[in-house]
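Trainee: Below is the file final-v2.txt, with compact mmCIF, C-alpha atoms.
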```txt
# COMPACT_ATOMS: atom_id res chain seq x y z
CA MET A 1 45.90 90.97 -123.86
CA GLY A 2 45.85 88.17 -121.33
CA GLY A 3 46.88 87.74 -117.72
CA ALA A 4 43.52 86.20 -116.81
CA VAL A 5 45.09 83.12 -115.21
CA SER A 6 48.27 82.38 -113.29
CA ALA A 7 51.42 81.46 -115.13
CA GLY A 8 52.24 77.76 -115.39
CA GLU A 9 55.54 75.96 -114.91
CA ASP A 10 54.96 73.96 -118.10
CA ASN A 11 52.28 73.37 -120.72
CA ASP A 12 50.19 71.00 -118.57
CA ASP A 13 50.32 73.41 -115.65
CA LEU A 14 49.09 76.23 -117.89
CA ILE A 15 46.20 74.07 -119.14
CA ASP A 16 45.28 73.19 -115.55
CA ASN A 17 45.02 76.90 -114.78
CA LEU A 18 42.90 77.57 -117.88
CA LYS A 19 40.56 74.75 -116.89
CA GLU A 20 40.26 76.02 -113.34
CA ALA A 21 39.37 79.48 -114.65
CA GLN A 22 36.76 77.93 -117.00
CA TYR A 23 38.42 79.09 -120.20
CA ILE A 24 38.79 75.46 -121.26
CA ARG A 25 35.47 73.69 -120.72
CA THR A 26 35.37 70.62 -122.97
CA GLU A 27 37.51 67.51 -123.03
CA LYS A 28 38.36 67.64 -126.74
CA VAL A 29 39.68 71.21 -126.43
CA GLU A 30 41.68 70.25 -123.35
CA GLN A 31 43.22 67.27 -125.17
CA ALA A 32 44.22 69.46 -128.12
CA PHE A 33 45.86 72.04 -125.85
CA ARG A 34 47.77 69.37 -123.94
CA ALA A 35 48.93 67.70 -127.16
CA ILE A 36 50.53 70.87 -128.58
CA ASP A 37 53.19 72.42 -126.36
CA ARG A 38 52.84 76.19 -126.64
CA GLY A 39 56.54 76.57 -125.86
CA ASP A 40 57.45 74.81 -129.12
CA TYR A 41 56.13 77.84 -131.04
CA TYR A 42 58.41 80.33 -129.30
CA LEU A 43 61.82 81.32 -130.57
CA ASP A 44 64.84 79.99 -128.70
CA GLY A 45 65.54 82.22 -125.73
CA TYR A 46 61.91 83.21 -125.21
CA ARG A 47 60.44 79.90 -124.08
CA ASP A 48 60.37 80.98 -120.42
CA SER A 49 57.46 83.27 -121.32
CA ALA A 50 55.47 80.57 -123.12
CA TYR A 51 53.38 79.46 -120.16
CA LYS A 52 52.26 82.89 -119.03
CA ASP A 53 48.77 83.99 -120.01
CA LEU A 54 50.12 86.77 -122.18
CA ALA A 55 50.37 87.53 -125.88
CA TRP A 56 53.87 87.37 -127.39
CA LYS A 57 55.32 89.11 -130.42
CA HIS A 58 58.75 89.11 -132.01
CA GLY A 59 59.04 90.80 -135.38
CA ASN A 60 56.18 89.46 -137.48
CA ILE A 61 55.76 86.35 -135.30
CA HIS A 62 52.84 86.64 -132.92
CA LEU A 63 50.91 84.44 -130.49
CA SER A 64 47.72 85.52 -128.72
CA ALA A 65 47.27 84.93 -125.00
CA PRO A 66 46.29 81.35 -124.01
CA CYS A 67 42.96 82.54 -122.57
CA ILE A 68 42.06 84.00 -125.99
CA TYR A 69 42.92 80.81 -127.86
CA SER A 70 40.91 78.83 -125.30
CA GLU A 71 37.80 80.91 -125.85
CA VAL A 72 38.26 80.72 -129.63
CA MET A 73 38.59 76.93 -129.62
CA GLU A 74 35.49 76.55 -127.45
CA ALA A 75 33.45 79.03 -129.49
CA LEU A 76 34.27 77.30 -132.80
CA LYS A 77 32.52 74.10 -131.61
CA LEU A 78 34.79 71.94 -133.73
CA GLN A 79 33.79 68.47 -134.91
CA PRO A 80 35.53 65.80 -137.02
CA GLY A 81 35.23 66.33 -140.77
CA LEU A 82 34.61 70.09 -140.72
CA SER A 83 36.38 72.62 -142.94
CA PHE A 84 38.34 75.38 -141.19
CA LEU A 85 39.84 78.66 -142.42
CA ASN A 86 42.30 80.62 -140.26
CA LEU A 87 42.63 84.23 -141.40
CA GLY A 88 45.93 85.52 -140.07
CA SER A 89 47.19 82.01 -139.31
CA GLY A 90 50.52 83.18 -137.86
CA THR A 91 52.71 80.46 -136.34
CA GLY A 92 50.16 77.72 -137.07
CA TYR A 93 49.73 76.94 -133.35
CA LEU A 94 45.93 77.29 -133.44
CA SER A 95 45.59 75.58 -136.82
CA THR A 96 47.56 72.57 -135.57
CA MET A 97 45.29 72.21 -132.52
CA VAL A 98 42.24 72.48 -134.78
CA GLY A 99 43.70 69.74 -137.01
CA LEU A 100 43.71 67.32 -134.06
CA ILE A 101 39.96 67.74 -133.64
CA ILE A 102 38.65 67.91 -137.21
CA GLY A 103 40.75 64.89 -138.18
CA PRO A 104 41.88 63.50 -141.54
CA TYR A 105 38.56 64.03 -143.32
CA GLY A 106 38.45 67.74 -142.54
CA VAL A 107 39.89 70.74 -144.38
CA ASN A 108 42.45 72.99 -142.66
CA HIS A 109 43.55 76.16 -144.47
CA GLY A 110 45.37 79.28 -143.31
CA VAL A 111 46.10 82.67 -144.86
CA GLU A 112 48.98 84.75 -143.50
CA LEU A 113 50.20 88.15 -144.69
CA HIS A 114 53.91 87.67 -144.00
CA LYS A 115 55.96 85.20 -146.00
CA ASP A 116 58.53 84.71 -143.22
CA VAL A 117 55.75 83.77 -140.79
CA VAL A 118 54.32 81.21 -143.23
CA GLU A 119 57.78 79.65 -143.53
CA TYR A 120 58.02 79.60 -139.72
CA ALA A 121 54.57 77.94 -139.47
CA ARG A 122 55.53 75.28 -142.00
CA GLN A 123 58.74 74.59 -140.09
CA LYS A 124 56.84 74.19 -136.79
CA LEU A 125 54.28 71.93 -138.46
CA ASP A 126 57.06 69.74 -139.86
CA GLU A 127 58.66 69.51 -136.41
CA PHE A 128 55.34 68.51 -134.86
CA ILE A 129 54.74 65.73 -137.40
CA LYS A 130 58.30 64.37 -137.15
CA ASN A 131 58.97 64.72 -133.43
CA SER A 132 55.84 64.96 -131.30
CA ASP A 133 54.43 61.84 -129.65
CA SER A 134 51.02 63.51 -129.84
CA PHE A 135 50.98 63.04 -133.60
CA ASP A 136 50.54 59.29 -133.15
CA LYS A 137 47.78 59.70 -130.55
CA PHE A 138 45.40 61.62 -132.84
CA GLU A 139 44.05 61.51 -136.36
CA PHE A 140 45.30 64.73 -137.88
CA CYS A 141 44.24 67.18 -140.57
CA GLU A 142 47.45 68.82 -141.69
CA PRO A 143 47.12 72.61 -142.13
CA VAL A 144 47.95 74.17 -145.51
CA PHE A 145 49.19 77.77 -145.36
CA VAL A 146 49.30 80.37 -148.13
CA VAL A 147 50.77 83.87 -148.23
CA GLY A 148 48.40 86.73 -148.85
CA ASN A 149 46.14 89.43 -147.51
CA CYS A 150 42.93 87.90 -146.18
CA LEU A 151 40.99 90.95 -147.37
CA GLU A 152 41.90 90.06 -150.97
CA ILE A 153 40.54 86.51 -151.15
CA SER A 154 39.15 85.56 -154.54
CA THR A 155 35.38 86.09 -154.81
CA ASP A 156 34.85 82.60 -156.25
CA SER A 157 36.50 80.87 -153.28
CA HIS A 158 34.76 77.99 -151.53
CA GLN A 159 33.04 78.45 -148.17
CA TYR A 160 33.98 76.95 -144.81
CA ASP A 161 32.22 75.42 -141.80
CA ARG A 162 34.41 77.26 -139.32
CA ILE A 163 36.42 80.48 -139.65
CA TYR A 164 38.65 82.37 -137.26
CA CYS A 165 40.19 85.77 -137.89
CA GLY A 166 43.15 86.61 -135.66
CA ALA A 167 43.16 90.37 -136.25
CA GLY A 168 40.74 93.19 -135.47
CA VAL A 169 37.98 93.42 -138.09
CA GLN A 170 36.51 96.79 -138.96
CA LYS A 171 32.74 96.96 -139.11
CA ASP A 172 32.75 97.58 -142.87
CA HIS A 173 34.61 94.27 -143.41
CA GLU A 174 32.16 92.20 -141.37
CA ASN A 175 29.97 91.19 -144.32
CA TYR A 176 33.06 90.28 -146.36
CA MET A 177 33.96 87.74 -143.67
CA LYS A 178 30.42 86.40 -143.39
CA VAL A 179 30.26 85.55 -147.09
CA LEU A 180 33.06 83.00 -146.61
CA LEU A 181 30.91 81.04 -144.15
CA LYS A 182 28.64 78.12 -145.00
CA ILE A 183 25.05 78.04 -143.77
CA GLY A 184 25.15 76.57 -140.28
CA GLY A 185 28.80 77.58 -139.94
CA ILE A 186 30.50 79.56 -137.16
CA LEU A 187 32.78 82.56 -137.53
CA VAL A 188 34.82 83.84 -134.57
CA MET A 189 36.56 87.20 -134.88
CA PRO A 190 37.28 90.40 -132.94
CA ILE A 191 34.97 93.26 -133.89
CA GLU A 192 35.12 96.63 -132.13
CA ASP A 193 37.10 95.24 -129.18
CA GLN A 194 34.79 92.27 -128.66
CA LEU A 195 35.62 88.69 -129.54
CA THR A 196 32.42 87.72 -131.32
CA GLN A 197 30.85 84.43 -132.37
CA ILE A 198 28.70 84.64 -135.52
CA THR A 199 26.53 81.74 -136.69
CA ARG A 200 25.10 81.76 -140.21
CA THR A 201 21.50 80.57 -139.87
CA SER A 202 20.42 80.99 -143.52
CA GLN A 203 21.54 82.51 -146.80
CA SER A 204 20.94 86.02 -145.48
CA THR A 205 20.66 85.77 -141.68
CA TRP A 206 23.23 85.50 -138.90
CA GLU A 207 23.19 85.32 -135.13
CA SER A 208 25.89 87.03 -133.08
CA ARG A 209 27.02 86.98 -129.47
CA ASN A 210 29.93 88.63 -127.71
CA ILE A 211 32.36 86.31 -125.96
CA LEU A 212 34.74 88.67 -124.14
CA ALA A 213 36.44 92.04 -124.43
CA VAL A 214 39.72 91.91 -126.37
CA SER A 215 42.31 94.17 -127.96
CA PHE A 216 43.66 93.07 -131.34
CA ALA A 217 45.79 94.83 -133.93
CA PRO A 218 43.58 95.67 -136.94
CA LEU A 219 43.67 93.84 -140.25
CA VAL A 220 46.22 95.30 -142.63
CA GLN A 221 44.69 96.75 -145.76
CA GLN A 222 46.78 96.40 -148.87
CA SER A 223 48.04 99.74 -150.17
CA ARG A 224 48.21 100.19 -153.94
CA ALA A 225 48.29 102.95 -156.50
CA GLU A 226 45.05 104.20 -157.99
CA GLY A 227 43.79 101.80 -160.66
CA GLU A 228 46.24 99.07 -159.67
CA LYS A 229 44.70 95.59 -159.46
CA PRO A 230 44.91 93.83 -156.08
CA ASP A 231 46.96 90.67 -155.56
CA THR A 232 44.09 88.23 -155.31
CA VAL A 233 44.59 85.41 -152.81
CA GLN A 234 43.79 81.96 -154.13
CA LEU A 235 42.85 79.65 -151.28
CA PRO A 236 44.23 76.09 -151.35
CA PRO A 237 42.02 73.67 -153.29
CA VAL A 238 39.81 71.22 -151.44
CA THR A 239 41.11 67.87 -152.61
CA VAL A 240 40.02 64.28 -152.02
CA ARG A 241 42.57 62.10 -150.28
CA SER A 242 44.13 59.38 -152.39
CA LEU A 243 43.21 55.74 -151.80
CA GLN A 244 46.77 55.16 -150.60
CA ASP A 245 46.48 57.94 -148.01
CA LEU A 246 43.03 56.76 -146.88
CA SER A 247 44.45 53.27 -146.41
CA ARG A 248 47.19 54.66 -144.20
CA VAL A 249 44.62 56.54 -142.10
CA TYR A 250 42.51 53.42 -141.67
CA ILE A 251 45.45 51.13 -140.81
CA ARG A 252 46.77 53.59 -138.23
CA ARG A 253 43.29 53.98 -136.73
CA THR A 254 42.86 50.22 -136.40
CA LEU A 255 46.28 49.74 -134.81
CA ARG A 256 45.76 52.71 -132.49
CA ASN A 257 42.45 51.27 -131.27
CA LEU A 258 44.10 47.88 -130.66
CA ALA A 259 46.94 49.53 -128.75
CA ASN A 260 44.48 51.50 -126.62
CA GLN A 261 42.54 48.33 -125.82
CA ASP A 262 45.74 46.55 -124.81
CA SER A 263 46.80 49.50 -122.65
CA GLN A 264 43.46 49.56 -120.84
CA GLY A 265 43.57 45.80 -120.37
CA ASN A 266 47.07 45.96 -118.89
CA GLY A 267 46.20 48.91 -116.68
CA MET A 268 48.85 51.09 -118.28
CA VAL A 269 48.70 54.76 -117.40
CA GLN A 270 48.60 57.29 -120.21
CA ARG A 271 49.69 60.31 -118.21
CA VAL A 272 51.83 60.57 -115.12
CA PRO A 273 49.74 62.21 -112.38
CA HIS A 274 51.12 65.06 -110.38
CA LYS A 275 52.70 63.91 -107.16
CA ARG A 276 50.78 65.03 -104.12
CA LYS A 277 52.60 67.54 -101.98
CA ARG A 278 52.74 66.47 -98.36
CA ARG A 279 53.46 68.68 -95.40
CA ARG A 280 56.30 67.31 -93.30
CA CYS A 281 55.69 67.50 -89.56
CA ARG A 282 58.39 69.07 -87.45
CA ARG A 283 59.11 67.35 -84.19
CA ARG A 284 59.32 70.01 -81.49
CA PRO A 285 60.06 69.30 -77.81
CA ILE A 286 58.04 71.08 -75.12
CA ASN A 287 59.08 72.32 -71.73
CA THR A 288 57.64 70.71 -68.60
CA TYR A 289 58.74 71.01 -65.00
CA VAL A 290 59.32 68.30 -62.40
CA PHE A 291 60.07 68.45 -58.69
CA VAL A 292 63.38 66.96 -57.57
CA GLY A 293 63.40 67.20 -53.79
CA ASN A 294 62.30 70.76 -53.14
CA GLN A 295 63.56 72.16 -56.47
CA LEU A 296 61.53 72.84 -59.63
CA ILE A 297 63.67 71.71 -62.59
CA PRO A 298 62.73 72.17 -66.31
CA GLN A 299 62.79 68.96 -68.36
CA MET A 300 62.41 68.40 -72.12
CA VAL A 301 59.74 65.81 -72.90
CA GLU A 302 57.53 64.92 -75.83
CA SER A 303 53.80 64.78 -75.60
CA GLU A 304 51.72 61.90 -76.99
CA GLU A 305 50.49 64.28 -79.65
CA GLU A 306 54.05 64.94 -80.83
CA GLU A 307 54.82 61.21 -80.86
CA HIS A 308 51.75 60.70 -83.06
CA ALA A 309 52.93 63.49 -85.37
CA ASP A 310 56.31 61.79 -85.62
CA GLU A 311 54.66 58.54 -86.70
CA GLU A 312 52.65 60.43 -89.35
CA GLN A 313 55.84 62.02 -90.61
CA LYS A 314 57.47 58.61 -91.06
CA GLU A 315 54.38 57.31 -92.88
CA ALA A 316 54.40 60.38 -95.14
CA VAL A 317 58.03 59.76 -96.06
CA VAL A 318 57.28 56.11 -96.89
CA GLU A 319 54.28 57.10 -99.02
CA GLU A 320 56.33 59.71 -100.86
CA GLU A 321 58.95 57.08 -101.66
CA GLU A 322 56.22 54.72 -102.90
CA GLU A 323 54.70 57.45 -105.08
CA ARG A 324 58.12 58.24 -106.51
CA ASP A 325 58.63 54.57 -107.38
CA ILE A 326 55.18 54.36 -108.99
CA GLY A 327 55.86 57.52 -110.98
CA ASP A 328 59.09 56.00 -112.31
CA ILE A 329 57.21 52.86 -113.39
CA GLU A 330 54.54 54.93 -115.16
CA ILE A 331 57.15 56.90 -117.08
CA ILE A 332 58.78 53.66 -118.27
CA LYS A 333 55.42 52.37 -119.51
CA GLN A 334 54.78 55.44 -121.66
CA VAL A 335 55.94 53.99 -124.95
CA ASN A 336 54.57 54.82 -128.39
CA GLU A 337 52.28 51.83 -128.79
CA LEU A 338 51.19 52.74 -132.32
CA ARG A 339 54.80 52.87 -133.49
CA GLU A 340 55.54 49.52 -131.90
CA GLN A 341 52.49 47.99 -133.58
CA ILE A 342 53.54 49.28 -137.02
CA LEU A 343 57.15 48.15 -136.65
CA ALA A 344 55.94 44.65 -135.73
CA LEU A 345 53.93 44.27 -138.95
CA PRO A 346 55.28 41.79 -141.54
CA LEU A 347 55.70 44.51 -144.16
CA PRO A 348 58.56 45.95 -146.22
CA GLU A 349 60.52 48.65 -144.39
CA SER A 350 59.53 51.25 -146.96
CA LEU A 351 55.82 50.63 -146.27
CA LYS A 352 56.39 50.77 -142.51
CA ALA A 353 58.12 54.12 -142.97
CA TYR A 354 55.14 55.37 -144.97
CA LEU A 355 52.71 54.27 -142.24
CA LEU A 356 54.88 56.09 -139.71
CA TYR A 357 54.88 59.29 -141.83
CA TYR A 358 58.66 58.78 -142.01
CA ARG A 359 58.98 59.69 -138.35
CA GLU A 360 62.26 58.62 -136.76
CA LYS A 361 60.92 58.14 -133.23
```
Could you write out this structure as structure tokens?
Mentor:
Amino acid sequence: MGGAVSAGEDNDDLIDNLKEAQYIRTEKVEQAFRAIDRGDYYLDGYRDSAYKDLAWKHGNIHLSAPCIYSEVMEALKLQPGLSFLNLGSGTGYLSTMVGLIIGPYGVNHGVELHKDVVEYARQKLDEFIKNSDSFDKFEFCEPVFVVGNCLEISTDSHQYDRIYCGAGVQKDHENYMKVLLKIGGILVMPIEDQLTQITRTSQSTWESRNILAVSFAPLVQQSRAEGEKPDTVQLPPVTVRSLQDLSRVYIRRTLRNLANQDSQGNGMVQRVPHKRKRRRCRRRPINTYVFVGNQLIPQMVESEEEEHADEEQKEAVVEEEEERDIGDIEIIKQVNELREQILALPLPESLKAYLLYYREK
């Protein structure tokens, strides 16, 4: 499934294409997509395919097409502080993007059938927290992943504000999914080859709308011998953050806001704009003829129009050089302001490391 938009050269190029095709329609979804490089979730040797609008699968590892994830993120209508459950959480790519929007006061849980995929998702999450500059630009709700079959979730589990199921849901499992949803919540899942948005309007009523036609592999039903008890999935507990953790969130928020104010005041650019492509004019001589005595002799001359084109070409070259210089300056200015603010605090090194989430850069 996919192929709805042109392939991109990199993550930003892919997002530009998704925006142009109206798959990404809101700023917060765009920011989340730009913050998480899709290529980081591909295995080494397969990254060249990351920015195509196509699904990718290798063994148990699977990523849906970017256009699908875009529609899912828009349909979930995410807000800070919401609880989110990802059924079939896979690599954790979607859950990590969700975490950037729901923020530190949200809940972010995922259930994945394959243990090796959960380990892969945890590894990718750890890499994002330790290495990505985007981590310091957002307040983040870290996903928690558990291994299990999402059709075997304990009946006494808590409900969620937002739920996404990343596998095809049979009609007879629809009500099972709906029960996990809070009143006023939104569930997005593929049912009968349609990506569907379901809103719970009361204890016993729901509203549904189809988003787009899709093709998903069906949910895997656990096979067991007759009379054998199922392996019930216990969802992660919903816990209250410690005072120490809340203090870290607040300090980082305050310093981030100060850094953003300083950046705006200094006119610093957050993102390097794409350089404009200019068409270079080719200077071509034209043939004219002059009389020398009684002979007609061809002579190469340049028209005023060509001379004007030559001047434009020179100006274009100068402007390109200026843009290149400006681009270099903007790249230099892109420093991690939050990190610099924390390192400048008169605090013990151990506390600075805690505020930095022990990131090394």
Trainee: Mind giving me the straight-line distance from atom CA of Leu78 of chain A to atom CA of Asp12 of chain A in Å, one decimal?
Mentor: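 Separation of atom CA of Leu78 of chain A and atom CA of Asp12 of chain A: 21.6 Å.
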Trainee: Hey, what's within 12 Å of Met73 of chain A if we count only C-alpha atoms and toss same-chain stuff fewer than 4 positions away? As a ChimeraX atom specification, please?
Mentor: /A:23-33,66-69,77-79,84,86,93-102,162-164,186-189,197,211
Trainee: Excluding Asp193 of chain A and any residue of its chain fewer than 2 positions from it, enumerate the residues within 8 Å of it, using all atoms listed in the file, and give them as a PyMOL selection string.
Mentor: chain A and resi 168+190-191+195+213-216
Trainee: Take atom CA of Asp40 of chain A and atom CA of Arg252 of chain A and report the distance between them in Å, one decimal.
Mentor: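 Computed distance, atom CA of Asp40 of chain A to atom CA of Arg252 of chain A, equals 25.4 Å.
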Trainee: Can you tell me how far atom CA of Glu152 of chain A sits from atom CA of Leu76 of chain A, in Å to one decimal?
Mentor: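 It comes out at 23.5 Å.
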Trainee: Using all atoms listed in the file, can you tell me which of A:Thr91, A:Pro104, A:Asn260, A:Asn149 comes closest to Trp56 of chain A?
Mentor: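 Ranked by minimum distance to Trp56 of chain A, first place goes to A:Thr91.
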Trainee: Taking all atoms listed in the file into account, which of A:Val72, A:Val118, A:Asn131, A:Val107 comes nearest Asp37 of chain A?
Mentor: A:Asn131
Trainee: A:Cys141, A:Cys150, A:Ile15, A:Leu87: which is nearest Ala35 of chain A, counting only C-alpha atoms?
Mentor: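 For Ala35 of chain A, the nearest of the candidates is A:Ile15.
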Trainee: Using all atoms listed in the file for the distances, tell me which of A:Gln244, A:Tyr250, A:Glu340, A:Asp126 is nearest to Tyr354 of chain A.
Mentor: A:Gln244
Trainee: Up to 12 Å from (43.2, 51.9, -135.7) in the file's coordinates: name the residues, counting all atoms listed in the file, as a ChimeraX atom specification.
Mentor: /A:136-139,247-261,337-339,341-342,355
Trainee: Rank nothing, just name the residue among A:Ala344, A:Ala21, A:Val144, A:Ala55 nearest to Val5 of chain A, using only C-alpha atoms.
Mentor: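 Ranked by minimum distance to Val5 of chain A, first place goes to A:Ala21.
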